[in-house]
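Have a look at the structure below before the remarks.
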Amino acid sequence: MTTLQRFDVGARLSDMAIHNGTAYLAGQVADDATQDIRGQTAQVLAMVDRLLERAGSDKSRLLMVQIFLPDLADFDGMNAVWDAWVVPGHAPPRATVQARLAKPDWKIEVVATAAVR
């Protein structure tokens, strides 16, 4: 029997679930939406780091990342923060798409999947 673990379960969603050695993170958005794309990206990637740590994983074990940007003009600014954050030699498969987010002030949302140790 495999175990299923959920983290920070709310009425609508959990922040993360772990099943069969894989951590599935919900979409992460900035707490401070007044910041520009670089600030919001840094916040979101820090949230990903914290969730992965709780799961017993880290960004070098990312299996897939999906990035949602409402404005593709923010692509370069997001990538500048991403490139400084990602572990050299461990860049995960990634998709970046333009999408309208739930709140107009959010400039980025990141969904990640990672292997757990």
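Lettering and numbering for the structure tokens are positional, with chains as A, B, ... in the shown order, residues counted from 1 in each chain, and ligands counted from 1 in the shown order.
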Selection near A:Val48, 9 Å with only C-alpha atoms, sequence-local residues under 2 positions removed, as a PDB file with N, CA, C and O atoms, in the first residue's frame:
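Ended up saving to out13.pdb:
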ATOM      1  N   LEU A  25       3.481  20.050  -6.221  1.00  0.00           N
ATOM      2  CA  LEU A  25       3.203  21.349  -5.618  1.00  0.00           C
ATOM      3  C   LEU A  25       2.057  22.031  -6.347  1.00  0.00           C
ATOM      4  O   LEU A  25       1.998  22.011  -7.581  1.00  0.00           O
ATOM      5  N   GLN A  28       2.119  28.201  -7.110  1.00  0.00           N
ATOM      6  CA  GLN A  28       2.632  29.141  -6.118  1.00  0.00           C
ATOM      7  C   GLN A  28       2.623  30.541  -6.715  1.00  0.00           C
ATOM      8  O   GLN A  28       3.083  30.748  -7.845  1.00  0.00           O
ATOM      9  N   GLN A  43      10.047  35.596  -4.842  1.00  0.00           N
ATOM     10  CA  GLN A  43       9.148  35.126  -3.782  1.00  0.00           C
ATOM     11  C   GLN A  43       8.632  33.722  -4.071  1.00  0.00           C
ATOM     12  O   GLN A  43       8.634  32.852  -3.204  1.00  0.00           O
ATOM     13  N   VAL A  44       8.167  33.526  -5.292  1.00  0.00           N
ATOM     14  CA  VAL A  44       7.572  32.247  -5.666  1.00  0.00           C
ATOM     15  C   VAL A  44       8.616  31.125  -5.616  1.00  0.00           C
ATOM     16  O   VAL A  44       8.344  30.038  -5.101  1.00  0.00           O
ATOM     17  N   LEU A  45       9.810  31.384  -6.107  1.00  0.00           N
ATOM     18  CA  LEU A  45      10.846  30.342  -6.082  1.00  0.00           C
ATOM     19  C   LEU A  45      11.273  30.035  -4.654  1.00  0.00           C
ATOM     20  O   LEU A  45      11.585  28.878  -4.332  1.00  0.00           O
ATOM     21  N   ALA A  46      11.257  31.020  -3.770  1.00  0.00           N
ATOM     22  CA  ALA A  46      11.543  30.771  -2.353  1.00  0.00           C
ATOM     23  C   ALA A  46      10.449  29.888  -1.744  1.00  0.00           C
ATOM     24  O   ALA A  46      10.738  29.012  -0.914  1.00  0.00           O
ATOM     25  N   ARG A  50      10.914  26.174  -0.012  1.00  0.00           N
ATOM     26  CA  ARG A  50      10.407  25.800   1.318  1.00  0.00           C
ATOM     27  C   ARG A  50       9.533  24.546   1.251  1.00  0.00           C
ATOM     28  O   ARG A  50       9.657  23.651   2.097  1.00  0.00           O
ATOM     29  N   LEU A  51       8.670  24.468   0.254  1.00  0.00           N
ATOM     30  CA  LEU A  51       7.829  23.279   0.127  1.00  0.00           C
ATOM     31  C   LEU A  51       8.664  22.042  -0.177  1.00  0.00           C
ATOM     32  O   LEU A  51       8.432  20.970   0.393  1.00  0.00           O
ATOM     33  N   LEU A  52       9.630  22.180  -1.062  1.00  0.00           N
ATOM     34  CA  LEU A  52      10.489  21.031  -1.381  1.00  0.00           C
ATOM     35  C   LEU A  52      11.265  20.562  -0.151  1.00  0.00           C
ATOM     36  O   LEU A  52      11.417  19.358   0.064  1.00  0.00           O
ATOM     37  N   GLU A  53      11.730  21.502   0.651  1.00  0.00           N
ATOM     38  CA  GLU A  53      12.439  21.137   1.884  1.00  0.00           C
ATOM     39  C   GLU A  53      11.516  20.344   2.813  1.00  0.00           C
ATOM     40  O   GLU A  53      11.913  19.327   3.380  1.00  0.00           O
ATOM     41  N   ASP A  58      14.660  18.954  -2.940  1.00  0.00           N
ATOM     42  CA  ASP A  58      15.220  20.273  -3.220  1.00  0.00           C
ATOM     43  C   ASP A  58      15.145  20.524  -4.723  1.00  0.00           C
ATOM     44  O   ASP A  58      14.785  19.639  -5.486  1.00  0.00           O
ATOM     45  N   LYS A  59      15.518  21.734  -5.122  1.00  0.00           N
ATOM     46  CA  LYS A  59      15.360  22.130  -6.530  1.00  0.00           C
ATOM     47  C   LYS A  59      16.225  21.333  -7.496  1.00  0.00           C
ATOM     48  O   LYS A  59      15.944  21.314  -8.688  1.00  0.00           O
ATOM     49  N   VAL A 110       3.794  29.396 -10.478  1.00  0.00           N
ATOM     50  CA  VAL A 110       4.698  28.273 -10.760  1.00  0.00           C
ATOM     51  C   VAL A 110       4.115  26.999 -10.156  1.00  0.00           C
ATOM     52  O   VAL A 110       3.751  26.967  -8.974  1.00  0.00           O
ATOM     53  N   VAL A 111       4.046  25.951 -10.970  1.00  0.00           N
ATOM     54  CA  VAL A 111       3.640  24.621 -10.550  1.00  0.00           C
ATOM     55  C   VAL A 111       4.859  23.711 -10.731  1.00  0.00           C
ATOM     56  O   VAL A 111       5.498  23.748 -11.788  1.00  0.00           O
ATOM     57  N   ALA A 112       5.169  22.919  -9.712  1.00  0.00           N
ATOM     58  CA  ALA A 112       6.373  22.084  -9.779  1.00  0.00           C
ATOM     59  C   ALA A 112       6.091  20.660  -9.296  1.00  0.00           C
ATOM     60  O   ALA A 112       5.221  20.444  -8.445  1.00  0.00           O
TER      61      ALA A 112
END
(message) Could you pull out the alpha helix (DSSP H) residues of chain A, going by DSSP on the backbone, and write them as a ChimeraX atom specification?
(response) /A:37-55,75-85
(request) Enumerate, as a PyMOL selection string, the complete set of residues in stretch 12-103 of chain A that a backbone-based DSSP assignment places in strand (DSSP E). (result) chain A and resi 14-19+22-25+62-69+94-98
(request) List the neighbours of A:Ala80 out to 12 Å using only C-alpha atoms; skip same-chain residues closer than 3 positions along the sequence, and give me the result as number ranges by chain. (result) A: 37-39, 41-42, 74-77, 83-86
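Taking atom CA of A:Ala115 as the reference point, atom CA of A:Met78 is found at 24.0 Å.
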(request) Would you kindly return, as a PyMOL selection string, each protein, DNA or RNA residue with an atom no farther than 9 Å from any atom of A:Val65, considering only C-alpha atoms and excluding same-chain residues fewer than 3 positions away? (result) chain A and resi 62+92-96+110-114
Please dump the current selection as an mmCIF file, in the first residue's frame; keep N, CA and C atoms.
data_model
loop_
_atom_site.group_PDB
_atom_site.id
_atom_site.type_symbol
_atom_site.label_atom_id
_atom_site.label_comp_id
_atom_site.auth_asym_id
_atom_site.auth_seq_id
_atom_site.Cartn_x
_atom_site.Cartn_y
_atom_site.Cartn_z
ATOM 1 N N LEU A 62 13.945 18.543 -9.147
ATOM 2 C CA LEU A 62 12.734 18.899 -9.883
ATOM 3 C C LEU A 62 12.590 18.012 -11.115
ATOM 4 N N PRO A 92 15.404 21.611 -14.821
ATOM 5 C CA PRO A 92 14.345 20.628 -15.089
ATOM 6 C C PRO A 92 13.651 20.908 -16.426
ATOM 7 N N PRO A 93 12.918 19.933 -16.939
ATOM 8 C CA PRO A 93 12.033 20.230 -18.051
ATOM 9 C C PRO A 93 11.085 21.342 -17.591
ATOM 10 N N ARG A 94 10.749 22.241 -18.508
ATOM 11 C CA ARG A 94 9.959 23.406 -18.112
ATOM 12 C C ARG A 94 9.076 23.852 -19.266
ATOM 13 N N ALA A 95 7.890 24.314 -18.924
ATOM 14 C CA ALA A 95 7.008 24.947 -19.899
ATOM 15 C C ALA A 95 6.667 26.328 -19.357
ATOM 16 N N THR A 96 6.678 27.313 -20.226
ATOM 17 C CA THR A 96 6.263 28.660 -19.854
ATOM 18 C C THR A 96 5.162 29.073 -20.824
ATOM 19 N N VAL A 110 3.794 29.396 -10.478
ATOM 20 C CA VAL A 110 4.698 28.273 -10.760
ATOM 21 C C VAL A 110 4.115 26.999 -10.156
ATOM 22 N N VAL A 111 4.046 25.951 -10.970
ATOM 23 C CA VAL A 111 3.640 24.621 -10.550
ATOM 24 C C VAL A 111 4.859 23.711 -10.731
ATOM 25 N N ALA A 112 5.169 22.919 -9.712
ATOM 26 C CA ALA A 112 6.373 22.084 -9.779
ATOM 27 C C ALA A 112 6.091 20.660 -9.296
ATOM 28 N N THR A 113 6.851 19.733 -9.841
ATOM 29 C CA THR A 113 6.839 18.333 -9.439
ATOM 30 C C THR A 113 8.280 17.935 -9.203
ATOM 31 N N ALA A 114 8.531 17.209 -8.097
ATOM 32 C CA ALA A 114 9.920 16.844 -7.755
ATOM 33 C C ALA A 114 9.987 15.449 -7.165
#
(request) Figure out the distance between atom CA of A:Arg117 and atom CA of A:Phe68, please, to one decimal in Å. (result) 27.3 Å
(message) Calculated over only C-alpha atoms, which of the candidates A:Ile67, A:Ala55, A:Ile18, A:Met47 has the smallest distance to A:Leu101?
(response)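 When distances to A:Leu101 are compared using only C-alpha atoms, the smallest one comes from A:Ile67.
The spacing separating atom CA of A:Asp105 from atom CA of A:Ala11 amounts to 23.3 Å.
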(request) Counting only C-alpha atoms, figure out which residue out of A:Gln66, A:Val29, A:Asp49, A:Ala99 gets nearest to A:Val87. (result) A:Asp49
(request) Measuring atom to atom with only C-alpha atoms, identify which of A:Gly10, A:Thr2, A:Val116, A:Ser60 is nearest to A:Tyr24. (result) A:Val116
(request) Quick one: everything within 6 Å of A:Ala33, counting only C-alpha atoms, minus sequence neighbours fewer than 2 positions away in the same chain. Send it as a PyMOL selection string. (result) chain A and resi 30+35+105-106
